[in-house]
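Chemist: Here it is, the structure in full.
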Amino acid sequence: MIFTKMGKAGTDETARIAIQTAKERGIRHIVIASSTGYTAQYFKNCGVQVTVVTLAYGSRKPGQNVMDEAVRQQLKDDGFAVCTAAHALSAGERSISTDAGGMYPLELIAHTLYMLSQGAKVCVECAAMALDGGHIPYGEDIVAVGGTGHGADTAVVLRPGYSKTILKSSIKDVLCLPDKSVLKEEA
């Protein structure tokens with residue numbers, strides 16, 4: 001499905017498609033990106049194990065995480081696994097490119113995935129982060145959900161690789177994504 005809106009406007013439909021696909025295909029795990037907990041609420045009590053992947057500490061302000069600690073605890077209380085880790089497609093390379101200029105291999109992978117959508121990059125990255133953290137099993141297909149800015153507008157079925165083997169990740173099916181050629185994010 002190609003959405004005519006990006007970001008938050010597609011979250012409800014993206015969640016519905018992701019959950020339905022996981023159940024129909026017997027996929028046991030969904031990985032979602034959520035920096036505030038907003039997207040996670042669409043997956044509460046969905047009947048599939050959901051891992052919420054947050055932004056890394058220090059991604060916006062040194063020593064801080066964008067997700068409030070009370071929200072993180074509430075997600076855990078609601079049965080979500082919560083994963084916070086270095087971003088698989090930037091991490092240390094971002095420091096080098098920011099300070100020295102240029103673009104490095106992980107950023108090239110990220111920008112290649114952006115050709116599909118920002119959410120496609122987020123899906124692959126968050127799935128690797130969840131696999132690195134032991135939140136999802138190795139060698140199984142999962143549904144991953146990401147988006148443009150806030151909310152979710154992209155869902156894929158993929159078999160993730162670890163960050164150290166990210167090129168072994170295999171996108172099996174693109175379930176939904178925005179038509180980024182004609183649209184702007186809607187709040």
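Each chain of the structure tokens is named A, B, ... in the order shown, its residues numbered from 1; ligands are numbered from 1 in display order.
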Report as a PDB file with C-alpha atoms, in the first residue's frame all protein, DNA and RNA residues lying within 7 Å of region 159-174 of chain A, evaluated on only C-alpha atoms, omitting residues in the same chain fewer than 2 positions from it.

Modeler:
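So around-v9.pdb came out as:
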ATOM      1  CA  ALA A  88      22.928   0.777  13.756  1.00  0.00           C
ATOM      2  CA  VAL A 124      16.142  -1.972   9.027  1.00  0.00           C
ATOM      3  CA  ALA A 127      15.408  -4.372  13.668  1.00  0.00           C
ATOM      4  CA  ALA A 128      19.206  -4.671  13.841  1.00  0.00           C
ATOM      5  CA  MET A 129      19.260  -2.799  17.148  1.00  0.00           C
ATOM      6  CA  LEU A 131      18.475  -8.173  17.371  1.00  0.00           C
ATOM      7  CA  ASP A 132      21.745  -6.830  18.815  1.00  0.00           C
ATOM      8  CA  GLY A 139      16.996 -16.097  11.969  1.00  0.00           C
ATOM      9  CA  GLU A 140      13.275 -15.281  12.082  1.00  0.00           C
ATOM     10  CA  ASP A 141      11.199 -12.970   9.961  1.00  0.00           C
ATOM     11  CA  ILE A 142       9.711 -10.030  11.840  1.00  0.00           C
ATOM     12  CA  ALA A 155       6.031  -1.396   7.579  1.00  0.00           C
ATOM     13  CA  VAL A 156       8.108  -4.235   6.174  1.00  0.00           C
ATOM     14  CA  VAL A 157       8.579  -7.941   6.718  1.00  0.00           C
ATOM     15  CA  CYS A 176       3.196   0.039   3.248  1.00  0.00           C
TER      16      CYS A 176
END

Chemist: Pick out each residue of region 89-176 of chain A that DSSP on the backbone tags as helix (DSSP H, G or I); I need them as a PyMOL selection string.

Modeler: chain A and resi 91-100+105-114+118-132+163-168

Chemist: Take the residues from that selection and put them in a file with C-alpha atoms, as a compact mmCIF listing (two decimals), in the first residue's frame.

Modeler:
# COMPACT_ATOMS: atom_id res chain seq x y z
CA ALA A 91 26.62 5.40 15.54
CA GLY A 92 30.27 6.47 15.56
CA GLU A 93 30.37 7.32 11.86
CA ARG A 94 28.06 10.28 12.45
CA SER A 95 30.72 11.87 14.64
CA ILE A 96 33.34 11.49 11.93
CA SER A 97 31.16 12.85 9.13
CA THR A 98 30.01 15.76 11.30
CA ASP A 99 33.53 16.72 12.35
CA ALA A 100 35.53 15.78 9.25
CA PRO A 105 29.63 3.28 4.63
CA LEU A 106 26.83 3.12 7.21
CA GLU A 107 25.50 6.47 6.07
CA LEU A 108 25.58 5.24 2.47
CA ILE A 109 23.43 2.28 3.47
CA ALA A 110 21.04 4.61 5.29
CA HIS A 111 20.75 6.96 2.32
CA THR A 112 20.16 4.03 -0.02
CA LEU A 113 17.23 2.90 2.15
CA TYR A 114 15.91 6.48 2.12
CA GLN A 118 12.79 7.34 5.78
CA GLY A 119 10.73 4.66 7.50
CA ALA A 120 12.41 1.88 5.48
CA LYS A 121 15.77 2.99 6.84
CA VAL A 122 14.30 3.13 10.34
CA CYS A 123 12.82 -0.38 9.97
CA VAL A 124 16.14 -1.97 9.03
CA GLU A 125 18.05 0.00 11.66
CA CYS A 126 15.65 -0.69 14.54
CA ALA A 127 15.41 -4.37 13.67
CA ALA A 128 19.21 -4.67 13.84
CA MET A 129 19.26 -2.80 17.15
CA ALA A 130 16.58 -5.11 18.61
CA LEU A 131 18.48 -8.17 17.37
CA ASP A 132 21.74 -6.83 18.82
CA SER A 163 24.57 -4.42 13.22
CA LYS A 164 27.89 -6.10 12.46
CA THR A 165 26.24 -8.02 9.60
CA ILE A 166 23.63 -5.44 8.56
CA LEU A 167 24.08 -6.25 4.87
CA LYS A 168 22.73 -9.73 5.63

Chemist: Quick one: residues within 6 Å of Ala56 (chain A), only C-alpha atoms, excluding same-chain residues fewer than 3 positions away - as a count of residues only?

Modeler: 4

Chemist: Name all residues at most 8 Å from Val82 (chain A) (count only C-alpha atoms; drop same-chain ones fewer than 3 positions away) and give them as a list in words.

Modeler: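 Within the cut-off, the hits are Thr51, Val52, Val53, Thr54, Arg72, Leu75 and Lys76 of chain A.
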
Chemist: Could you dump the residues just selected with N, CA and C atoms as a tab-separated table (two decimals), in the first residue's frame?

Modeler:
chain	number	residue	atom	x	y	z
A	51	THR	N	8.59	-5.05	20.38
A	51	THR	CA	9.76	-4.38	20.92
A	51	THR	C	9.75	-2.94	20.43
A	52	VAL	N	9.82	-2.02	21.37
A	52	VAL	CA	9.88	-0.59	21.06
A	52	VAL	C	11.35	-0.17	21.07
A	53	VAL	N	11.83	0.35	19.96
A	53	VAL	CA	13.21	0.81	19.86
A	53	VAL	C	13.20	2.34	19.93
A	54	THR	N	13.93	2.87	20.90
A	54	THR	CA	13.96	4.31	21.13
A	54	THR	C	15.22	4.92	20.53
A	72	ARG	N	8.79	5.22	29.41
A	72	ARG	CA	9.53	3.96	29.24
A	72	ARG	C	9.03	2.90	30.22
A	75	LEU	N	5.55	1.65	29.25
A	75	LEU	CA	5.62	0.71	28.13
A	75	LEU	C	5.99	-0.69	28.63
A	76	LYS	N	6.97	-0.76	29.51
A	76	LYS	CA	7.36	-2.05	30.09
A	76	LYS	C	6.20	-2.66	30.88

Chemist: Give me, as a ChimeraX atom specification, the residues of region 4-168 of chain A that a backbone DSSP run labels strand (DSSP E or B).

Modeler: /A:6,29-33,49-54,81-84,142-146,154-159

Chemist: May I ask which of the residues A:Ser90, A:Gln20, A:Asn45, A:Gln64 is the closest one to Asp77 (chain A), counting only C-alpha atoms?

Modeler: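 Closest residue, counting only C-alpha atoms: A:Asn45.
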
Chemist: Rank nothing, just name the residue among A:Pro137, A:Leu158, A:Glu24, A:Gly147 nearest to Met6 (chain A), using only C-alpha atoms.

Modeler: A:Gly147

Chemist: What is the distance, in Å and to one decimal place, between CA of Lys8 (chain A) and CA of Thr36 (chain A)?

Modeler: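 Interatomic distance here is 12.4 Å.
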
Chemist: Need to verify the contact set: Pro178 (chain A), 7 Å, only C-alpha atoms, exclusion of same-chain residues closer than 4 positions in sequence. Can you return it as an MDAnalysis selection string?

Modeler: chainID A and resid 2:6 117 153:154

Chemist: For each of A:Tyr57, A:Ala144, A:Gln41, A:Ser35, take the minimum atom-to-atom distance to Gly79 (chain A), counting only C-alpha atoms, then give the residue where this is smallest.

Modeler: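 Among the listed residues, the smallest separation from Gly79 (chain A) belongs to A:Gln41.
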
Chemist: Rounded to one decimal place, report the CA of Ile27 (chain A)-CA of His150 (chain A) distance in Å.

Modeler: 25.3 Å

Chemist: Tell me which protein, DNA and RNA residues are within 9 Å of Glu13 (chain A), counting only C-alpha atoms, leaving out same-chain ones fewer than 4 positions away, and put them as a ChimeraX atom specification.

Modeler: /A:9,17-18,152-153
